[in-house]
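Each remark here refers to the structure printed beneath this line.
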Amino acid sequence: AAEIAVRQAEIELEQARLTLESARRDVAAATLTAHIDGTVMAITAAVGDKAGTNLMTIADLTRPVLDVYIDETDMAYMKVGYPANIEFDALPDQVYTGHVVRVDPGLTSSTGMTVVHGLVALDADALPAGMTLPTGLSATVDIIAGSAENAVLVPVEALRKLDESEYAVF
């Protein structure tokens, strides 16, 4: 009878080990790992949702990036690497610097217009230390497609076209 009790205890111990191993595999399969460090902005999944659904939104708040939409006729003026000046509606009279980090290859439709979508990242030293910006903040973004130094500045109204490639200032 003692041998049967020992054998029964060994079987129960093995069953417990198998149950524990199964539970460990289930926990490992249920562990979520993000591909970036960041702040969880929203959880969109619920218990029982199927794999492949969007579970949550994570944002990297340490490096602000702005969605920029420009008219398709101006697409030549937005290229990766171009500098940008940014002025946030909530922080008037303060101009921050950044640069274009992505330009989508396809056109997008927004409010009935065809536009080009791109991303402008604030420069690392643009914000004061410790300052973070809330997501969704509105801004005016001026992308600098060209510049001139030591040039004479005249109002466009003063220019008159003389012929196909010649202008005069009046």
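By convention in this document, the chains of the structure tokens carry letters A, B, ... by their order, each chain's residues are numbered from 1, and ligands are numbered from 1 in the order they are shown.
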
Just the alpha helix (DSSP H) stuff from chain A, please, per backbone DSSP, written as a ChimeraX atom specification. /A:2-30

Taking 4 positions as the minimum chain separation for residues in the same chain, which residues sit within 12 Å of Ser147 of chain A when counting only C-alpha atoms? Answer as a compact mmCIF listing (two decimals) with all heavy atoms, in the first residue's frame.
# COMPACT_ATOMS: atom_id res chain seq x y z
N TYR A 82 15.16 68.40 -45.23
CA TYR A 82 14.92 69.85 -45.26
C TYR A 82 14.65 70.34 -43.84
O TYR A 82 13.92 69.71 -43.08
CB TYR A 82 13.72 70.18 -46.13
CG TYR A 82 14.00 70.27 -47.62
CD1 TYR A 82 15.22 69.87 -48.16
CD2 TYR A 82 13.05 70.76 -48.48
CE1 TYR A 82 15.45 69.95 -49.52
CE2 TYR A 82 13.28 70.86 -49.85
CZ TYR A 82 14.49 70.45 -50.36
OH TYR A 82 14.73 70.54 -51.71
N PRO A 83 15.22 71.50 -43.47
CA PRO A 83 14.95 72.06 -42.14
C PRO A 83 13.53 72.63 -42.07
O PRO A 83 12.90 72.90 -43.10
CB PRO A 83 15.99 73.17 -42.01
CG PRO A 83 16.34 73.53 -43.42
CD PRO A 83 16.15 72.30 -44.25
N ALA A 84 13.05 72.80 -40.87
CA ALA A 84 11.71 73.34 -40.67
C ALA A 84 11.68 74.21 -39.42
O ALA A 84 12.42 73.96 -38.46
CB ALA A 84 10.69 72.21 -40.52
N ILE A 143 8.46 74.63 -43.86
CA ILE A 143 9.57 73.83 -44.36
C ILE A 143 10.43 74.74 -45.23
O ILE A 143 9.93 75.43 -46.12
CB ILE A 143 9.06 72.61 -45.14
CG1 ILE A 143 8.25 71.72 -44.20
CG2 ILE A 143 10.22 71.85 -45.77
CD1 ILE A 143 7.51 70.62 -44.88
N ALA A 151 21.69 88.44 -49.43
CA ALA A 151 20.91 88.79 -50.62
C ALA A 151 20.09 90.03 -50.34
O ALA A 151 19.76 90.33 -49.20
CB ALA A 151 19.99 87.63 -50.99
N LEU A 153 16.75 91.95 -50.22
CA LEU A 153 15.36 91.58 -50.05
C LEU A 153 14.48 92.73 -50.53
O LEU A 153 14.61 93.85 -50.06
CB LEU A 153 15.08 91.27 -48.58
CG LEU A 153 13.69 90.80 -48.23
CD1 LEU A 153 13.42 89.45 -48.87
CD2 LEU A 153 13.54 90.69 -46.72

Backbone-only DSSP, strand (DSSP E or B) members of segment 73-120 of chain A, as a PDB file with N, CA and C atoms, in the first residue's frame:
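Generated file (states-v2.pdb):
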ATOM      1  N   PRO A  83      15.216  71.498 -43.471  1.00  0.00           N
ATOM      2  CA  PRO A  83      14.945  72.064 -42.143  1.00  0.00           C
ATOM      3  C   PRO A  83      13.526  72.632 -42.074  1.00  0.00           C
ATOM      4  N   ALA A  84      13.048  72.798 -40.866  1.00  0.00           N
ATOM      5  CA  ALA A  84      11.705  73.339 -40.665  1.00  0.00           C
ATOM      6  C   ALA A  84      11.685  74.211 -39.420  1.00  0.00           C
ATOM      7  N   ASN A  85      10.838  75.227 -39.462  1.00  0.00           N
ATOM      8  CA  ASN A  85      10.558  76.055 -38.291  1.00  0.00           C
ATOM      9  C   ASN A  85       9.142  75.739 -37.846  1.00  0.00           C
ATOM     10  N   ILE A  86       8.965  75.512 -36.550  1.00  0.00           N
ATOM     11  CA  ILE A  86       7.671  75.085 -36.009  1.00  0.00           C
ATOM     12  C   ILE A  86       7.219  76.076 -34.956  1.00  0.00           C
ATOM     13  N   GLU A  87       5.962  76.491 -35.053  1.00  0.00           N
ATOM     14  CA  GLU A  87       5.367  77.361 -34.040  1.00  0.00           C
ATOM     15  C   GLU A  87       4.061  76.706 -33.590  1.00  0.00           C
ATOM     16  N   PHE A  88       3.998  76.362 -32.309  1.00  0.00           N
ATOM     17  CA  PHE A  88       2.813  75.708 -31.759  1.00  0.00           C
ATOM     18  C   PHE A  88       1.770  76.753 -31.389  1.00  0.00           C
ATOM     19  N   TYR A  96      10.439  76.805 -32.886  1.00  0.00           N
ATOM     20  CA  TYR A  96      11.280  75.631 -32.648  1.00  0.00           C
ATOM     21  C   TYR A  96      11.816  75.135 -33.990  1.00  0.00           C
ATOM     22  N   THR A  97      12.920  74.422 -33.948  1.00  0.00           N
ATOM     23  CA  THR A  97      13.514  73.918 -35.182  1.00  0.00           C
ATOM     24  C   THR A  97      13.329  72.419 -35.291  1.00  0.00           C
ATOM     25  N   GLY A  98      13.309  71.945 -36.516  1.00  0.00           N
ATOM     26  CA  GLY A  98      13.185  70.525 -36.785  1.00  0.00           C
ATOM     27  C   GLY A  98      13.620  70.245 -38.209  1.00  0.00           C
ATOM     28  N   HIS A  99      13.332  69.039 -38.664  1.00  0.00           N
ATOM     29  CA  HIS A  99      13.666  68.678 -40.037  1.00  0.00           C
ATOM     30  C   HIS A  99      12.736  67.569 -40.517  1.00  0.00           C
ATOM     31  N   VAL A 100      12.560  67.490 -41.815  1.00  0.00           N
ATOM     32  CA  VAL A 100      11.692  66.488 -42.423  1.00  0.00           C
ATOM     33  C   VAL A 100      12.392  65.132 -42.323  1.00  0.00           C
ATOM     34  N   VAL A 101      11.697  64.132 -41.743  1.00  0.00           N
ATOM     35  CA  VAL A 101      12.285  62.802 -41.589  1.00  0.00           C
ATOM     36  C   VAL A 101      11.607  61.760 -42.483  1.00  0.00           C
ATOM     37  N   ARG A 102      10.417  62.084 -43.007  1.00  0.00           N
ATOM     38  CA  ARG A 102       9.745  61.140 -43.905  1.00  0.00           C
ATOM     39  C   ARG A 102       8.756  61.884 -44.784  1.00  0.00           C
ATOM     40  N   VAL A 103       8.686  61.449 -46.032  1.00  0.00           N
ATOM     41  CA  VAL A 103       7.674  61.933 -46.966  1.00  0.00           C
ATOM     42  C   VAL A 103       7.039  60.692 -47.576  1.00  0.00           C
ATOM     43  N   ASP A 104       5.732  60.550 -47.398  1.00  0.00           N
ATOM     44  CA  ASP A 104       5.049  59.385 -47.941  1.00  0.00           C
ATOM     45  C   ASP A 104       5.127  59.400 -49.465  1.00  0.00           C
ATOM     46  N   PRO A 105       5.331  58.237 -50.076  1.00  0.00           N
ATOM     47  CA  PRO A 105       5.466  58.198 -51.535  1.00  0.00           C
ATOM     48  C   PRO A 105       4.144  58.385 -52.282  1.00  0.00           C
ATOM     49  N   GLY A 106       3.030  58.153 -51.611  1.00  0.00           N
ATOM     50  CA  GLY A 106       1.731  58.295 -52.263  1.00  0.00           C
ATOM     51  C   GLY A 106       0.982  59.514 -51.752  1.00  0.00           C
ATOM     52  N   LEU A 107       0.046  59.975 -52.553  1.00  0.00           N
ATOM     53  CA  LEU A 107      -0.788  61.097 -52.148  1.00  0.00           C
ATOM     54  C   LEU A 107      -1.900  60.612 -51.227  1.00  0.00           C
ATOM     55  N   THR A 108      -2.401  61.521 -50.399  1.00  0.00           N
ATOM     56  CA  THR A 108      -3.465  61.221 -49.448  1.00  0.00           C
ATOM     57  C   THR A 108      -4.593  62.210 -49.670  1.00  0.00           C
ATOM     58  N   SER A 109      -5.809  61.785 -49.388  1.00  0.00           N
ATOM     59  CA  SER A 109      -6.942  62.693 -49.474  1.00  0.00           C
ATOM     60  C   SER A 109      -7.289  63.159 -48.074  1.00  0.00           C
ATOM     61  N   SER A 110      -7.409  64.483 -47.910  1.00  0.00           N
ATOM     62  CA  SER A 110      -7.739  65.051 -46.611  1.00  0.00           C
ATOM     63  C   SER A 110      -8.654  66.243 -46.833  1.00  0.00           C
ATOM     64  N   MET A 113      -9.214  67.400 -50.317  1.00  0.00           N
ATOM     65  CA  MET A 113      -8.048  67.843 -51.089  1.00  0.00           C
ATOM     66  C   MET A 113      -7.048  66.703 -51.201  1.00  0.00           C
ATOM     67  N   THR A 114      -6.255  66.735 -52.249  1.00  0.00           N
ATOM     68  CA  THR A 114      -5.175  65.770 -52.405  1.00  0.00           C
ATOM     69  C   THR A 114      -3.917  66.398 -51.841  1.00  0.00           C
ATOM     70  N   VAL A 115      -3.305  65.709 -50.871  1.00  0.00           N
ATOM     71  CA  VAL A 115      -2.168  66.271 -50.150  1.00  0.00           C
ATOM     72  C   VAL A 115      -1.028  65.263 -50.056  1.00  0.00           C
ATOM     73  N   VAL A 116       0.132  65.777 -49.708  1.00  0.00           N
ATOM     74  CA  VAL A 116       1.306  64.961 -49.433  1.00  0.00           C
ATOM     75  C   VAL A 116       1.481  64.925 -47.923  1.00  0.00           C
ATOM     76  N   HIS A 117       1.670  63.727 -47.385  1.00  0.00           N
ATOM     77  CA  HIS A 117       1.862  63.569 -45.936  1.00  0.00           C
ATOM     78  C   HIS A 117       3.342  63.334 -45.656  1.00  0.00           C
ATOM     79  N   GLY A 118       3.833  63.980 -44.609  1.00  0.00           N
ATOM     80  CA  GLY A 118       5.210  63.773 -44.181  1.00  0.00           C
ATOM     81  C   GLY A 118       5.325  63.918 -42.679  1.00  0.00           C
ATOM     82  N   LEU A 119       6.504  63.627 -42.177  1.00  0.00           N
ATOM     83  CA  LEU A 119       6.783  63.758 -40.746  1.00  0.00           C
ATOM     84  C   LEU A 119       7.935  64.729 -40.555  1.00  0.00           C
ATOM     85  N   VAL A 120       7.762  65.627 -39.593  1.00  0.00           N
ATOM     86  CA  VAL A 120       8.815  66.569 -39.217  1.00  0.00           C
ATOM     87  C   VAL A 120       9.145  66.299 -37.758  1.00  0.00           C
TER      88      VAL A 120
END

Near Thr135 of chain A, within 12 Å and counting only C-alpha atoms, which residues show up once chain neighbours fewer than 2 positions away are dropped, as a PyMOL selection string? chain A and resi 39+41+58-67+88+132-133+137-139

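Atom CA of Ala126 of chain A to atom CA of Val68 of chain A spans 17.9 Å [interatomic distance, one decimal].
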
Length of the atom CA of Pro128 of chain A to atom CA of Gly38 of chain A vector [Å]: 19.6 Å

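Pairwise distance (atom CA of Asp89 of chain A, atom CA of Ile70 of chain A) equals 18.0 Å.
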